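One structure below.
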Amino acid sequence: MSAPTIPVPVPEAPASRAVRLVLAKDLEARSPEYLIGDVLEAGTLALIFGDPGAGKTFCALAWAFAVAIGGSWCGHAVEKSGPVIYVAGEGHGGFARRIHAIAHDQEIVLDDVPLAVTTGPVPLGDAEKVQELMASIDELVASTGAPAMIVVDTVARNFGPGDENSTMDMGRFIAACDELIQRYQCTLLLVHHTGHGDKTRHRGAMALKGALDAEYRLCLHEGGQIELRAQKMKDAPLPDPVGLRLREVDLPGLQMADGSAVTSVVLDPSDVDPAHSTPALGANQRKALQVLRELDAKQRANIEAAGREPDAVRVLLDDWRAACVPELMPRNRWYEVRTALKRDGHIETNELHVWLT
């Protein structure tokens with residue numbers, strides 16, 4: 001005689017719930033949807049970073065204008081245009097001149113550009129201020145439609161209370177970004193600074209890098225050449241690097257006290273191949289490279305004094321580090337500097353030695 005079947009009770013589903021499950025067979029695979037073809041994907045969190053003078057804000061503004069009015073940017077077609085919200089953390093005087101410089105240079109009538117700028121920074125780590133920002137955006141949506149992109153320039157100016165290097169504080173900042181993306185189904189672009197020692201990464205907790213869908217580095221090269229290079233594209237191939245250059249333009253109708261023209265800057269495509277340019281070095285990188293050159297010269301002289309040919313001079317990594325730390329830089333910057341110099345092709349290393357390329 002078989003045992004009776006015991007029915008398994010099924011709990012009643014709540015009237016509404018935030019978490020739902022979808023079977024794999026019901027998931028719909030879609031091609032990536034871009035704002036700017038191959039550069040900025042729709043509905044994602046992206047970041048652009050670089051040193052002062054590398055053109056971070058000028059690049060972010062160029063993308064903002066491209067998305068707001070359509071068309072293209074450096075040969076990349078705008079595939080989805082729409083209003084742009086620019087959360088500006090710096091004073092409006094210089095920022096307004098940058099906007100008018102782009103409009104004048106491209107012969108754009110600002111009345112036709114759905115680009116709105118905040119009157120000051122918004123501390124995204126403060127939940128109440130985030131709600132105020134969304135309320136202001138909602139008011140604008142009624143007349144312009146939902147934003148296709150929100151720009152936060154810079155992370156530092158709009159971080160709010162807390163420490164950029166704290167995973168917990170950065171988590172609050174990322175949560176606010178996610179809330180804005182979800183609410184408006186838009187792309188959110190962050191503008192950020194490089195790390196203090198390693199110029200190949202942005203500042204702050206690594207939790208931010210993990211949350212990004214796309215990451216771009218602006219690198220200022222010798223001679224004024226700027227390279228825009230993608231360092232992360234979560235769900236798409238890395239686009240080719242783009243060469244850029246800053247160009248000064250006069251602002252019509254404005255004059256300095258001495259009668260000279262008021263100027264600003266725009267960002268132009270450049271024909272120079274960024275792959276054949278030399279990246280400018282950070283202060284710690286210059287110091288470390290100079291020390292290595294001195295150690296290399298000393299060892300080369302010793303080899304020649306012994307009557308041998310100094311074909312491949314190699315310096316002990318321990319000797320190089322001892323000459324740099326802590327006299328020239330703190331210990332925690334050493335690995336970042338060494339990594340950056342190797343990545344940019346200035347040195348090569350193995351487990352024990354370092355040598356100039």
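In the structure tokens, chains take the letters A, B, ... in the order shown, each chain's residues start at 1, and ligands count up from 1 in the order shown.
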Those of stretch 43-228 of chain A in DSSP strand (DSSP E), formatted as a ChimeraX atom specification: /A:45-50,72-73,76-77,84-88,115-117,149-153,187-193,214-220,226-228
Pick out each residue of stretch 17-112 of chain A that DSSP on the backbone tags as helix (DSSP H, G or I); I need them as a ChimeraX atom specification. /A:24-26,56-69,92-105,110-112
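All residues of protein, DNA or RNA that reach within 12 Å of A:Arg286, judged by only C-alpha atoms and not counting those fewer than 3 positions away in the chain, are Gly197, Pro279, Ala280, Leu281, Gly282, Ala283, Leu289, Gln290, Val291, Leu292, Arg293, Cys324, Leu328, Met329, Val337, Arg338, Ala340, Leu341 and His346 of chain A.
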Produce a file of the selected residues containing all heavy atoms, as a short mmCIF file (atom, residue, chain, number, x, y, z; two decimals), in the first residue's frame.
data_model
loop_
_atom_site.label_atom_id
_atom_site.label_comp_id
_atom_site.auth_asym_id
_atom_site.auth_seq_id
_atom_site.Cartn_x
_atom_site.Cartn_y
_atom_site.Cartn_z
N GLY A 197 48.30 58.83 -7.15
CA GLY A 197 49.56 58.25 -7.59
C GLY A 197 49.46 57.59 -8.94
O GLY A 197 50.31 57.77 -9.81
N PRO A 279 52.40 59.88 -23.10
CA PRO A 279 51.60 60.43 -22.00
C PRO A 279 52.44 61.31 -21.08
O PRO A 279 53.60 61.00 -20.80
CB PRO A 279 51.10 59.18 -21.26
CG PRO A 279 51.26 58.06 -22.23
CD PRO A 279 52.43 58.41 -23.08
N ALA A 280 51.86 62.40 -20.64
CA ALA A 280 52.53 63.25 -19.65
C ALA A 280 52.60 62.50 -18.32
O ALA A 280 51.69 61.75 -17.96
CB ALA A 280 51.76 64.56 -19.49
N LEU A 281 53.67 62.70 -17.59
CA LEU A 281 53.88 61.97 -16.34
C LEU A 281 53.38 62.76 -15.15
O LEU A 281 53.46 63.98 -15.12
CB LEU A 281 55.38 61.69 -16.15
CG LEU A 281 56.06 60.80 -17.21
CD1 LEU A 281 57.55 60.74 -16.93
CD2 LEU A 281 55.46 59.42 -17.21
N GLY A 282 52.88 62.03 -14.14
CA GLY A 282 52.54 62.64 -12.87
C GLY A 282 53.79 62.95 -12.08
O GLY A 282 54.89 62.48 -12.40
N ALA A 283 53.65 63.74 -11.02
CA ALA A 283 54.82 64.18 -10.24
C ALA A 283 55.58 63.00 -9.66
O ALA A 283 56.82 62.92 -9.75
CB ALA A 283 54.36 65.12 -9.12
N LEU A 289 61.01 57.86 -12.10
CA LEU A 289 61.73 57.60 -13.35
C LEU A 289 63.11 58.24 -13.33
O LEU A 289 64.09 57.66 -13.81
CB LEU A 289 60.90 58.14 -14.52
CG LEU A 289 61.21 57.58 -15.91
CD1 LEU A 289 61.09 56.07 -15.93
CD2 LEU A 289 60.28 58.19 -16.94
N GLN A 290 63.22 59.42 -12.72
CA GLN A 290 64.52 60.07 -12.61
C GLN A 290 65.47 59.26 -11.74
O GLN A 290 66.65 59.09 -12.06
CB GLN A 290 64.36 61.49 -12.04
CG GLN A 290 65.66 62.26 -11.89
CD GLN A 290 66.41 62.42 -13.19
OE1 GLN A 290 65.81 62.57 -14.25
NE2 GLN A 290 67.74 62.40 -13.11
N VAL A 291 64.94 58.73 -10.63
CA VAL A 291 65.76 57.88 -9.75
C VAL A 291 66.24 56.65 -10.51
O VAL A 291 67.40 56.24 -10.41
CB VAL A 291 64.95 57.47 -8.50
CG1 VAL A 291 65.66 56.35 -7.74
CG2 VAL A 291 64.73 58.67 -7.59
N LEU A 292 65.34 56.05 -11.28
CA LEU A 292 65.71 54.84 -12.04
C LEU A 292 66.79 55.18 -13.07
O LEU A 292 67.72 54.39 -13.29
CB LEU A 292 64.48 54.26 -12.72
CG LEU A 292 64.72 52.98 -13.54
CD1 LEU A 292 65.31 51.89 -12.65
CD2 LEU A 292 63.42 52.51 -14.18
N ARG A 293 66.68 56.32 -13.72
CA ARG A 293 67.70 56.72 -14.69
C ARG A 293 69.06 56.88 -14.01
O ARG A 293 70.10 56.50 -14.57
CB ARG A 293 67.29 58.02 -15.39
CG ARG A 293 66.10 57.87 -16.33
CD ARG A 293 65.87 59.15 -17.12
NE ARG A 293 64.74 59.03 -18.03
CZ ARG A 293 63.63 59.76 -17.96
NH1 ARG A 293 63.53 60.70 -17.03
NH2 ARG A 293 62.65 59.58 -18.81
N CYS A 324 63.30 55.43 -3.49
CA CYS A 324 62.10 56.28 -3.67
C CYS A 324 61.26 56.40 -2.41
O CYS A 324 60.64 57.44 -2.16
CB CYS A 324 61.22 55.71 -4.78
SG CYS A 324 61.93 55.79 -6.44
N LEU A 328 60.86 60.13 -1.34
CA LEU A 328 60.22 60.85 -2.44
C LEU A 328 58.71 60.68 -2.50
O LEU A 328 58.00 61.52 -3.05
CB LEU A 328 60.83 60.41 -3.78
CG LEU A 328 62.34 60.65 -3.94
CD1 LEU A 328 62.79 60.18 -5.30
CD2 LEU A 328 62.67 62.12 -3.75
N MET A 329 58.21 59.57 -1.95
CA MET A 329 56.76 59.31 -2.02
C MET A 329 56.39 58.32 -0.92
O MET A 329 57.25 57.53 -0.48
CB MET A 329 56.38 58.74 -3.39
CG MET A 329 56.94 57.36 -3.68
SD MET A 329 56.73 56.89 -5.42
CE MET A 329 57.84 58.04 -6.24
N VAL A 337 52.65 53.91 -8.84
CA VAL A 337 53.59 54.57 -9.75
C VAL A 337 54.28 53.55 -10.64
O VAL A 337 54.37 53.72 -11.87
CB VAL A 337 54.62 55.37 -8.94
CG1 VAL A 337 55.79 55.81 -9.82
CG2 VAL A 337 53.97 56.59 -8.30
N ARG A 338 54.74 52.48 -10.05
CA ARG A 338 55.42 51.43 -10.81
C ARG A 338 54.49 50.82 -11.87
O ARG A 338 54.89 50.62 -13.02
CB ARG A 338 55.89 50.34 -9.84
CG ARG A 338 56.51 49.12 -10.50
CD ARG A 338 56.89 48.11 -9.44
NE ARG A 338 56.56 46.76 -9.87
CZ ARG A 338 56.63 45.70 -9.09
NH1 ARG A 338 56.99 45.82 -7.83
NH2 ARG A 338 56.34 44.51 -9.55
N ALA A 340 51.85 52.24 -13.28
CA ALA A 340 51.55 53.23 -14.32
C ALA A 340 52.73 53.37 -15.29
O ALA A 340 52.53 53.46 -16.51
CB ALA A 340 51.22 54.57 -13.69
N LEU A 341 53.95 53.39 -14.79
CA LEU A 341 55.13 53.53 -15.65
C LEU A 341 55.27 52.32 -16.58
O LEU A 341 55.64 52.46 -17.75
CB LEU A 341 56.39 53.70 -14.80
CG LEU A 341 56.54 55.05 -14.10
CD1 LEU A 341 57.76 55.04 -13.18
CD2 LEU A 341 56.66 56.20 -15.11
N HIS A 346 57.19 52.97 -20.13
CA HIS A 346 58.46 53.59 -19.75
C HIS A 346 59.46 52.58 -19.19
O HIS A 346 60.67 52.80 -19.26
CB HIS A 346 58.21 54.69 -18.72
CG HIS A 346 57.40 55.83 -19.22
ND1 HIS A 346 57.92 56.81 -20.05
CD2 HIS A 346 56.10 56.15 -19.06
CE1 HIS A 346 56.98 57.68 -20.36
NE2 HIS A 346 55.86 57.31 -19.77
#
Considering only C-alpha atoms, return as a PyMOL selection string whatever protein or nucleic-acid residues lie within 8 Å of A:Thr187, sequence-local ones (same chain, fewer than 5 positions apart) excluded. chain A and resi 40-46+148-150+181
How close does stretch 11-86 of chain A get to stretch 262-270 of chain A? List, as a Markdown table, each residue of stretch 11-86 of chain A within 7 Å, its nearest atom pair and the distance in Å to one decimal, counting only C-alpha atoms.
| residue | atom | partner | partner_atom | distance |
| --- | --- | --- | --- | --- |
| A:Phe58 | CA | A:Leu267 | CA | 6.2 |
| A:Cys59 | CA | A:Leu267 | CA | 6.8 |
| A:Cys74 | CA | A:Pro269 | CA | 6.2 |
Go ahead and save the residues from that selection, with N, CA, C and O atoms, as a short mmCIF file (atom, residue, chain, number, x, y, z; two decimals), in the first residue's frame.
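Result file out-v8.cif:
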data_model
loop_
_atom_site.label_atom_id
_atom_site.label_comp_id
_atom_site.auth_asym_id
_atom_site.auth_seq_id
_atom_site.Cartn_x
_atom_site.Cartn_y
_atom_site.Cartn_z
N PHE A 58 34.93 69.66 -20.84
CA PHE A 58 34.70 69.99 -22.24
C PHE A 58 34.20 68.76 -23.01
O PHE A 58 33.34 68.87 -23.88
N CYS A 59 34.74 67.59 -22.66
CA CYS A 59 34.27 66.35 -23.31
C CYS A 59 32.85 66.02 -22.86
O CYS A 59 32.00 65.67 -23.69
N CYS A 74 32.41 63.32 -33.20
CA CYS A 74 33.67 62.73 -33.67
C CYS A 74 33.43 61.48 -34.52
O CYS A 74 34.11 60.46 -34.36
#
All residues 9 Å or closer to stretch 173-176 of chain A, only C-alpha atoms, same chain fewer than 6 positions away omitted, as a list in words: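 The residues satisfying every condition are Pro123, Leu124, Gly125, Asp126, Ala127, Val130, Phe159, Gly160, Ala207, Leu208 and Ala211 of chain A.
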Extract, using only C-alpha atoms, all DNA, RNA and protein residues at most 12 Å from A:Val141, discarding same-chain residues fewer than 5 positions from it, and format them as a list in words.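 The residues satisfying every condition are Gly82, Pro83, Val84, Ile85, Pro114, Leu115, Ala116, Met134, Ala135, Ser136, Ala146, Pro147, Ala148, Arg183 and Tyr184 of chain A.
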Taking only C-alpha atoms into account, which of A:Tyr335, A:Val151, A:Leu133, A:Lys209 comes nearest A:Cys186?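 Nearest to A:Cys186: A:Val151.
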Using only C-alpha atoms: which of A:Trp334, A:Gly53, A:Arg97, A:Val113 has the shortest distance to A:Ser81: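 Closest to A:Ser81 of all the choices is A:Val113.
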Of the candidates A:Gly37, A:Gly50, A:Leu23, A:Asn158, which one gets nearest to A:Trp73 if we count only C-alpha atoms?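 Among A:Gly37, A:Gly50, A:Leu23, A:Asn158, it is A:Gly37 that comes nearest to A:Trp73.
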Point out the residue among A:Asp296, A:Asp344, A:Asp319, A:Asp213 with the least atom-to-atom distance to A:Asp178, counting only C-alpha atoms.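 The closest residue to A:Asp178 is A:Asp213.
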Point out the residue among A:Glu348, A:Asp138, A:Glu90, A:Glu327 with the least atom-to-atom distance to A:Val152, counting only C-alpha atoms.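 That would be A:Glu90, the residue with the smallest distance to A:Val152.
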Measuring between only C-alpha atoms, which one of A:Gly162, A:Gly259, A:Gly243, A:Gly120 shows the shortest distance to A:Asp271?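 Result for the nearest residue to A:Asp271: A:Gly243.
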